[in-house]
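Peer 1: I'm passing along data_12.tsv; it holds TSV, C-alpha atoms.
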```tsv
chain	number	residue	atom	x	y	z
A	1	MET	CA	106.14	90.34	114.98
A	2	ALA	CA	109.07	89.79	112.60
A	3	SER	CA	107.05	87.56	110.27
A	4	GLY	CA	104.16	90.01	110.62
A	5	TRP	CA	106.32	92.74	109.10
A	6	PHE	CA	107.28	90.36	106.31
A	7	TYR	CA	103.69	89.54	105.39
A	8	LEU	CA	102.67	93.19	105.68
A	9	THR	CA	105.48	94.06	103.27
A	10	CYS	CA	104.24	91.33	100.92
A	11	LEU	CA	100.72	92.78	101.11
A	12	VAL	CA	102.05	96.21	100.13
A	13	LEU	CA	104.08	94.58	97.37
A	14	GLY	CA	101.06	92.75	96.00
A	15	SER	CA	99.07	95.98	95.99
A	16	LEU	CA	101.83	97.82	94.13
A	17	GLY	CA	102.15	95.03	91.57
A	18	SER	CA	98.40	94.83	90.96
A	19	MET	CA	98.12	98.60	90.64
A	20	SER	CA	101.05	98.68	88.19
A	21	VAL	CA	99.32	96.21	85.87
A	22	LEU	CA	95.85	97.77	86.24
A	23	PHE	CA	97.14	101.30	85.72
A	24	THR	CA	99.03	100.25	82.58
A	25	ALA	CA	95.97	98.46	81.19
A	26	TYR	CA	93.72	101.44	82.00
A	27	TRP	CA	96.17	103.82	80.29
A	28	MET	CA	96.13	101.73	77.12
A	29	GLN	CA	92.35	101.29	77.20
A	30	TYR	CA	91.26	104.82	78.12
A	31	TRP	CA	93.81	107.01	76.35
A	32	ARG	CA	95.26	104.76	73.63
A	33	GLY	CA	92.11	103.15	72.24
A	34	GLY	CA	92.10	99.66	73.72
A	35	PHE	CA	93.40	96.32	72.49
A	36	ALA	CA	93.39	94.22	69.33
A	37	TRP	CA	95.60	91.66	67.58
A	38	ASP	CA	95.64	93.02	64.05
A	39	GLY	CA	98.98	94.76	63.60
A	40	SER	CA	97.53	98.17	64.43
A	41	THR	CA	98.46	100.51	67.24
A	42	HIS	CA	95.86	98.68	69.31
A	43	MET	CA	98.03	95.58	69.01
A	44	PHE	CA	100.98	97.57	70.28
A	45	ASN	CA	98.95	98.38	73.40
A	46	TRP	CA	99.43	94.80	74.56
A	47	HIS	CA	103.18	95.38	74.73
A	48	PRO	CA	103.39	97.61	77.85
A	49	VAL	CA	100.73	95.60	79.70
A	50	LEU	CA	102.40	92.25	79.06
A	51	MET	CA	105.90	93.53	79.80
A	52	VAL	CA	104.86	95.07	83.12
A	53	THR	CA	102.98	91.88	84.01
A	54	GLY	CA	105.76	89.50	82.96
A	55	MET	CA	109.13	91.20	83.34
A	56	VAL	CA	108.27	93.16	86.49
A	57	VAL	CA	105.37	91.76	88.53
A	58	LEU	CA	105.60	88.01	87.84
A	59	TYR	CA	109.39	88.16	87.75
A	60	GLY	CA	109.44	89.95	91.10
A	61	ALA	CA	107.02	87.43	92.64
A	62	ALA	CA	109.13	84.52	91.38
A	63	SER	CA	112.26	86.08	92.85
A	64	LEU	CA	110.72	86.14	96.33
A	65	VAL	CA	109.66	82.49	96.56
A	66	TYR	CA	112.58	81.58	98.82
A	67	ARG	CA	111.82	84.49	101.16
A	68	LEU	CA	108.62	82.82	102.36
A	69	PRO	CA	109.22	81.28	105.81
A	70	GLN	CA	107.28	78.20	104.66
A	71	SER	CA	110.06	77.51	102.14
A	72	TRP	CA	112.69	77.32	104.89
A	73	VAL	CA	111.69	73.83	106.05
A	74	GLY	CA	111.18	70.55	104.29
A	75	PRO	CA	112.30	69.69	100.76
A	76	LYS	CA	113.28	72.52	98.44
A	77	LEU	CA	112.12	70.79	95.24
A	78	PRO	CA	108.47	72.03	95.33
A	79	TRP	CA	109.73	75.58	95.87
A	80	LYS	CA	112.19	75.17	93.02
A	81	PHE	CA	109.32	74.16	90.74
A	82	LEU	CA	107.29	77.17	91.88
A	83	HIS	CA	110.28	79.49	91.38
A	84	ALA	CA	110.98	78.12	87.89
A	85	GLY	CA	107.28	77.97	86.95
A	86	LEU	CA	106.59	81.59	87.83
A	87	HIS	CA	109.67	82.68	85.91
A	88	LEU	CA	108.57	80.61	82.92
A	89	MET	CA	105.13	82.25	83.06
A	90	ALA	CA	106.84	85.66	83.21
A	91	PHE	CA	108.93	84.75	80.17
A	92	ILE	CA	105.86	83.63	78.19
A	93	PHE	CA	104.14	86.96	78.89
A	94	THR	CA	107.33	88.71	77.83
A	95	VAL	CA	107.61	86.83	74.53
A	96	VAL	CA	103.98	87.60	73.65
A	97	GLY	CA	104.63	91.24	74.51
A	98	LEU	CA	107.62	91.29	72.16
A	99	VAL	CA	105.57	89.67	69.38
A	100	ALA	CA	102.98	92.44	69.77
A	101	VAL	CA	105.50	95.25	69.31
A	102	PHE	CA	107.41	93.59	66.47
A	103	GLU	CA	104.19	92.78	64.59
A	104	PHE	CA	103.04	96.37	65.01
A	105	HIS	CA	106.36	97.72	63.71
A	106	SER	CA	106.24	95.34	60.75
A	107	HIS	CA	102.66	96.32	59.91
A	108	GLU	CA	103.45	100.06	60.12
A	109	ASN	CA	106.92	99.78	58.47
A	110	ILE	CA	108.66	101.07	61.60
A	111	ALA	CA	112.28	100.12	62.25
A	112	ASN	CA	112.99	97.73	65.11
A	113	LEU	CA	115.55	98.04	67.90
A	114	TYR	CA	116.79	101.56	67.20
A	115	SER	CA	116.03	103.30	70.51
A	116	LEU	CA	117.79	103.06	73.86
A	117	HIS	CA	114.58	101.65	75.33
A	118	SER	CA	114.54	98.81	72.81
A	119	TRP	CA	118.24	98.04	73.33
A	120	LEU	CA	117.77	97.97	77.09
A	121	GLY	CA	114.64	95.85	76.80
A	122	ILE	CA	116.03	93.22	74.42
A	123	THR	CA	119.21	92.95	76.51
A	124	THR	CA	117.07	92.31	79.56
A	125	VAL	CA	115.05	89.61	77.79
A	126	ILE	CA	118.19	87.86	76.52
A	127	LEU	CA	119.70	87.88	80.02
A	128	PHE	CA	116.41	86.57	81.41
A	129	ALA	CA	116.39	83.68	78.92
A	130	CYS	CA	119.99	82.76	79.74
A	131	GLN	CA	119.27	83.04	83.47
A	132	TRP	CA	116.26	80.74	83.25
A	133	VAL	CA	118.07	78.09	81.17
A	134	LEU	CA	121.07	78.15	83.51
A	135	GLY	CA	118.86	77.96	86.59
A	136	PHE	CA	116.83	75.08	85.17
A	137	ALA	CA	119.90	73.12	84.10
A	138	VAL	CA	121.95	73.63	87.26
A	139	PHE	CA	119.52	74.11	90.15
A	140	LEU	CA	116.43	72.12	89.09
A	141	LEU	CA	117.85	69.12	87.25
A	142	PRO	CA	119.62	66.66	89.57
A	143	TRP	CA	122.87	66.23	87.63
A	144	ALA	CA	124.79	69.24	88.97
A	145	SER	CA	127.16	68.68	91.88
A	146	LEU	CA	126.94	70.65	95.11
A	147	TRP	CA	130.20	72.45	94.46
A	148	LEU	CA	128.96	73.63	91.05
A	149	ARG	CA	125.70	74.88	92.55
A	150	SER	CA	127.61	76.65	95.33
A	151	LEU	CA	129.86	78.24	92.72
A	152	LEU	CA	127.02	79.48	90.52
A	153	LYS	CA	124.49	80.45	93.21
A	154	PRO	CA	125.95	83.95	93.89
A	155	ILE	CA	126.07	84.61	90.15
A	156	HIS	CA	122.48	83.42	89.77
A	157	VAL	CA	121.34	85.68	92.62
A	158	PHE	CA	123.27	88.68	91.27
A	159	PHE	CA	121.84	88.40	87.76
A	160	GLY	CA	118.37	87.79	89.17
A	161	ALA	CA	118.40	91.15	90.94
A	162	SER	CA	120.14	92.82	88.00
A	163	ILE	CA	117.50	91.61	85.52
A	164	LEU	CA	114.73	92.98	87.72
A	165	THR	CA	116.53	96.33	87.88
A	166	LEU	CA	116.93	96.35	84.10
A	167	SER	CA	113.27	95.42	83.68
A	168	VAL	CA	112.14	98.38	85.77
A	169	ALA	CA	114.47	100.68	83.83
A	170	SER	CA	113.12	99.33	80.53
A	171	VAL	CA	109.51	99.89	81.58
A	172	ILE	CA	110.14	103.43	82.79
A	173	SER	CA	112.05	104.36	79.63
A	174	GLY	CA	109.26	102.77	77.56
A	175	ILE	CA	106.58	104.82	79.31
A	176	ASN	CA	108.59	107.96	78.68
A	177	GLU	CA	109.15	107.05	75.03
A	178	LYS	CA	105.47	106.26	74.46
A	179	LEU	CA	104.43	109.62	75.93
A	180	ILE	CA	106.96	111.52	73.80
A	181	PHE	CA	105.71	109.79	70.62
A	182	SER	CA	102.01	110.13	71.48
A	183	LEU	CA	101.65	113.59	73.03
A	184	LYS	CA	102.60	115.74	70.04
A	185	ASP	CA	99.46	117.89	69.92
A	186	PRO	CA	100.66	121.53	70.12
A	187	GLY	CA	97.63	122.29	72.27
A	188	LYS	CA	98.47	119.61	74.84
A	189	PRO	CA	102.17	118.71	74.58
A	190	TYR	CA	103.89	116.37	77.00
A	191	SER	CA	105.62	119.35	78.63
A	192	SER	CA	102.25	120.77	79.71
A	193	LEU	CA	101.53	117.60	81.71
A	194	PRO	CA	98.08	116.69	80.37
A	195	PRO	CA	96.09	114.13	82.40
A	196	GLU	CA	97.47	111.22	80.35
A	197	ALA	CA	101.04	112.24	81.14
A	198	VAL	CA	100.31	112.59	84.85
A	199	PHE	CA	98.64	109.17	84.91
A	200	ALA	CA	101.40	107.43	82.92
A	201	ASN	CA	104.15	109.06	84.97
A	202	SER	CA	102.38	107.88	88.13
A	203	THR	CA	102.25	104.38	86.68
A	204	GLY	CA	106.00	104.52	86.19
A	205	LEU	CA	106.45	105.52	89.83
A	206	LEU	CA	104.32	102.54	90.90
A	207	VAL	CA	106.54	100.21	88.87
A	208	LEU	CA	109.63	101.80	90.41
A	209	ALA	CA	108.24	101.41	93.95
A	210	PHE	CA	107.41	97.76	93.26
A	211	GLY	CA	110.91	97.04	91.97
A	212	LEU	CA	112.61	98.79	94.88
A	213	LEU	CA	110.51	96.92	97.43
A	214	VAL	CA	111.32	93.57	95.79
A	215	LEU	CA	115.02	94.41	95.92
A	216	TYR	CA	114.72	95.41	99.57
A	217	ILE	CA	113.12	92.07	100.47
A	218	LEU	CA	115.78	90.22	98.48
A	219	LEU	CA	118.59	92.06	100.26
A	220	ALA	CA	117.15	91.90	103.80
A	221	SER	CA	119.37	89.26	105.40
A	222	SER	CA	116.84	88.33	108.10
A	223	TRP	CA	114.32	87.32	105.42
A	224	LYS	CA	116.66	85.07	103.45
A	225	ARG	CA	116.27	81.31	103.48
A	226	PRO	CA	118.88	80.15	106.02
A	227	GLU	CA	121.38	77.48	105.19
A	228	PRO	CA	121.26	74.44	107.50
A	229	GLY	CA	123.31	75.18	110.60
A	230	SER	CA	123.30	78.95	110.18
A	231	LEU	CA	120.00	80.15	111.66
A	232	THR	CA	120.04	83.56	113.30
A	233	ASP	CA	117.92	84.68	116.24
A	234	ARG	CA	115.44	86.47	113.99
A	235	GLN	CA	115.17	83.57	111.54
A	236	LEU	CA	114.32	81.20	114.40
A	237	LEU	CA	111.72	83.71	115.62
A	238	LEU	CA	110.23	83.93	112.12
A	239	GLN	CA	109.95	80.15	111.93
A	240	ARG	CA	108.45	79.94	115.42
A	241	GLU	CA	105.83	82.57	114.58
A	242	SER	CA	104.99	80.87	111.29
A	243	GLY	CA	104.49	77.53	113.08
A	244	SER	CA	107.32	75.84	111.20
A	245	GLN	CA	109.88	73.56	112.74
A	246	PRO	CA	113.46	74.78	112.35
A	247	PHE	CA	116.23	72.85	110.72
A	248	PRO	CA	117.80	70.22	113.01
A	249	VAL	CA	120.84	72.24	114.02
A	250	THR	CA	122.78	73.01	117.12
A	251	TYR	CA	121.89	76.62	117.78
A	252	VAL	CA	124.60	78.98	118.91
A	253	PRO	CA	123.37	82.44	120.03
A	254	VAL	CA	124.52	85.39	117.96
A	255	THR	CA	126.41	86.92	120.90
A	256	VAL	CA	128.43	83.72	121.36
A	257	ARG	CA	129.15	83.44	117.66
A	258	GLN	CA	130.36	87.02	117.56
A	259	SER	CA	132.73	86.36	120.42
A	260	LEU	CA	134.15	83.38	118.57
A	261	GLY	CA	134.99	85.56	115.57
A	262	PRO	CA	134.46	84.61	111.91
A	263	TRP	CA	133.82	80.94	111.16
```
Please lay out the structure from this file as structure tokens.
Peer 2:
Amino acid sequence: MASGWFYLTCLVLGSLGSMSVLFTAYWMQYWRGGFAWDGSTHMFNWHPVLMVTGMVVLYGAASLVYRLPQSWVGPKLPWKFLHAGLHLMAFIFTVVGLVAVFEFHSHENIANLYSLHSWLGITTVILFACQWVLGFAVFLLPWASLWLRSLLKPIHVFFGASILTLSVASVISGINEKLIFSLKDPGKPYSSLPPEAVFANSTGLLVLAFGLLVLYILLASSWKRPEPGSLTDRQLLLQRESGSQPFPVTYVPVTVRQSLGPW
């Protein structure tokens, strides 16, 4: 039942992520005129779609690779490649999304990086790039010692969750900024909540729900990949239900471990 809850949560998460991307694309297509790659406002429309896809949905999926019970057994290297590959794909989408907005600003003679949204967004992308390079160099390449990986792992995990949080904040602030700039018609101002505003605001709530659910899965201790020798009752149950063989460890029940005090 424990793993059933996990996969049900993943199903909800996948639905939220897909809806976030589809809603953003529909908003840009239906209300903002569609897509092009010509420096016009239609080129800008790629920016929100690619940023939601890369910095939120793909980034969130990559962050959860080690929460899959199948990743708890056997060699970690294939899962490391999947983790790094999904993050690299997310970064590529992000870079293309940045190119779209910078090219649009250049074509329309609009200043770059002057708003809080742009500051927040570019900070997030820079942190993401540093995080990926550090993770590739330390955790994927074989040169790093175990003590160095143990030292940097909590930092890597902290910045991973922080970057996702910043990504969600950047997207929500970007949606708000786009609506403020676009809905200036005195007959249908943003404050009157025209259909476009309701739809875009709802899209922002979907992105927020996706990000919060990813963070919940990341923080749920029973769904974390256990270290060898530290399996809990629920983690063993998850592995048993998933058909995986647990790590070769001497299992000490939780009640006994608690009576022994901290290890």
Peer 1: Just give me the gap between CA of Ala220 in chain A and CA of Gly74 in chain A in Å, one decimal is fine.
Peer 2: 22.2 Å
Peer 1: Give the answer as one residue: which of A:Gly204, A:Gly33, A:Gly174, A:Pro195 has the shortest atom-to-atom distance to Ser118 in chain A, using only C-alpha atoms?
Peer 2: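 Residue with the minimum atom-to-atom distance to Ser118 in chain A: A:Gly174.
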Peer 1: I'd like to know which of A:Thr165, A:Gln29, A:Thr41, A:Ser71 is closest to Val214 in chain A, using all atoms listed in the file.
Peer 2: A:Thr165
Peer 1: List as a PDB file with C-alpha atoms, keeping the file's coordinate frame: which residues have an atom within 12 Å of (118.7, 94.3, 79.2), counting all atoms listed in the file?
Peer 2:
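out-v4.pdb, written as the output of this step:
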```pdb
ATOM      1  CA  MET A  55     109.130  91.200  83.340  1.00  0.00           C
ATOM      2  CA  LEU A 116     117.790 103.060  73.860  1.00  0.00           C
ATOM      3  CA  HIS A 117     114.580 101.650  75.330  1.00  0.00           C
ATOM      4  CA  SER A 118     114.540  98.810  72.810  1.00  0.00           C
ATOM      5  CA  TRP A 119     118.240  98.040  73.330  1.00  0.00           C
ATOM      6  CA  LEU A 120     117.770  97.970  77.090  1.00  0.00           C
ATOM      7  CA  GLY A 121     114.640  95.850  76.800  1.00  0.00           C
ATOM      8  CA  ILE A 122     116.030  93.220  74.420  1.00  0.00           C
ATOM      9  CA  THR A 123     119.210  92.950  76.510  1.00  0.00           C
ATOM     10  CA  THR A 124     117.070  92.310  79.560  1.00  0.00           C
ATOM     11  CA  VAL A 125     115.050  89.610  77.790  1.00  0.00           C
ATOM     12  CA  ILE A 126     118.190  87.860  76.520  1.00  0.00           C
ATOM     13  CA  LEU A 127     119.700  87.880  80.020  1.00  0.00           C
ATOM     14  CA  PHE A 128     116.410  86.570  81.410  1.00  0.00           C
ATOM     15  CA  ALA A 129     116.390  83.680  78.920  1.00  0.00           C
ATOM     16  CA  CYS A 130     119.990  82.760  79.740  1.00  0.00           C
ATOM     17  CA  PHE A 159     121.840  88.400  87.760  1.00  0.00           C
ATOM     18  CA  GLY A 160     118.370  87.790  89.170  1.00  0.00           C
ATOM     19  CA  SER A 162     120.140  92.820  88.000  1.00  0.00           C
ATOM     20  CA  ILE A 163     117.500  91.610  85.520  1.00  0.00           C
ATOM     21  CA  LEU A 164     114.730  92.980  87.720  1.00  0.00           C
ATOM     22  CA  THR A 165     116.530  96.330  87.880  1.00  0.00           C
ATOM     23  CA  LEU A 166     116.930  96.350  84.100  1.00  0.00           C
ATOM     24  CA  SER A 167     113.270  95.420  83.680  1.00  0.00           C
ATOM     25  CA  VAL A 168     112.140  98.380  85.770  1.00  0.00           C
ATOM     26  CA  ALA A 169     114.470 100.680  83.830  1.00  0.00           C
ATOM     27  CA  SER A 170     113.120  99.330  80.530  1.00  0.00           C
ATOM     28  CA  VAL A 171     109.510  99.890  81.580  1.00  0.00           C
TER      29      VAL A 171
END
```
Peer 1: Go through A:Ser150, A:Tyr26, A:Trp223, A:His83 one by one, measure the shortest atom-to-atom distance of each to Gly60 in chain A using only C-alpha atoms, and give the residue with the smallest value.
Peer 2: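 So, comparing all the options, the nearest one is A:His83.
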Peer 1: Out of A:Leu82, A:Leu77, A:Val138, A:Met28, which residue has the shortest atom-to-atom distance to Ser182 in chain A when counting all atoms listed in the file?
Peer 2: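 Of A:Leu82, A:Leu77, A:Val138, A:Met28, the one nearest Ser182 in chain A is A:Met28, counting all atoms listed in the file.
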Peer 1: For Asn45 in chain A, please output as number ranges by chain all residues within 12 Å (counting all atoms listed in the file; exclusion window: fewer than 3 positions along the same chain).
Peer 2: A: 24-42, 48-52, 96-104, 174-175, 178
Peer 1: May I ask for the distance between CA of Ser222 in chain A and CA of Val65 in chain A, given in Å to one decimal place?
Peer 2: 14.8 Å
Peer 1: Could you check how far CA of Met43 in chain A sits from CA of Leu206 in chain A, in Å to one decimal?
Peer 2: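 So the answer is 23.8 Å.
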Peer 1: A:Phe210, A:Tyr59, A:Phe136, A:Phe23: which is nearest Thr94 in chain A, counting all atoms listed in the file?
Peer 2: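 Under the stated criterion, the closest residue is A:Tyr59.
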Peer 1: As a PyMOL selection string, please: the residues near Ala61 in chain A (cut-off 10 Å, all atoms listed in the file, same-chain neighbours under 6 positions excluded).
Peer 2: chain A and resi 10+13-14+17+54+83+86-87+90+214
Peer 1: Calculated over all atoms listed in the file, which of the candidates A:Ala84, A:Trp132, A:Val56, A:Phe6 has the smallest distance to Leu212 in chain A?
Peer 2: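 With all atoms listed in the file as the atom set, the closest residue is A:Val56.
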Peer 1: Once you count all atoms listed in the file, which residues end up no further than 12 Å from (108.2, 111.7, 76.2) in the file's frame, shown as a list in words?
Peer 2: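 Residues satisfying the cut-off, written out: His117, Ile172, Ser173, Gly174, Ile175, Asn176, Glu177, Lys178, Leu179, Ile180, Phe181, Ser182, Leu183, Lys184, Pro189, Tyr190, Ser191, Ser192, Leu193, Glu196, Ala197, Val198, Ala200 and Asn201 of chain A.
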Peer 1: Around all of range 16-30 of chain A's listed atoms, make the axis-aligned box with 3 Å on each side and tell me centre and edge lengths in Å to one decimal, as AutoDock Vina command-line options.
Peer 2:
```
--center_x 96.7 --center_y 99.8 --center_z 85.6 --size_x 16.9 --size_y 16.0 --size_z 23.0
```
Peer 1: Can you tell me, as a VMD selection string, what residues are no more than 10 Å from Thr9 in chain A when counting all atoms listed in the file, ignoring any on the same chain fewer than 5 positions away?
Peer 2: chain A and resid 3 to 4 14 to 15 213 to 214 217
Peer 1: Mind dumping the selected residues with C-alpha atoms as a PDB file, in the coordinates of the input?
Peer 2:
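The resulting result_21.pdb:
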```
ATOM      1  CA  SER A   3     107.050  87.560 110.270  1.00  0.00           C
ATOM      2  CA  GLY A   4     104.160  90.010 110.620  1.00  0.00           C
ATOM      3  CA  GLY A  14     101.060  92.750  96.000  1.00  0.00           C
ATOM      4  CA  SER A  15      99.070  95.980  95.990  1.00  0.00           C
ATOM      5  CA  LEU A 213     110.510  96.920  97.430  1.00  0.00           C
ATOM      6  CA  VAL A 214     111.320  93.570  95.790  1.00  0.00           C
ATOM      7  CA  ILE A 217     113.120  92.070 100.470  1.00  0.00           C
TER       8      ILE A 217
END
```
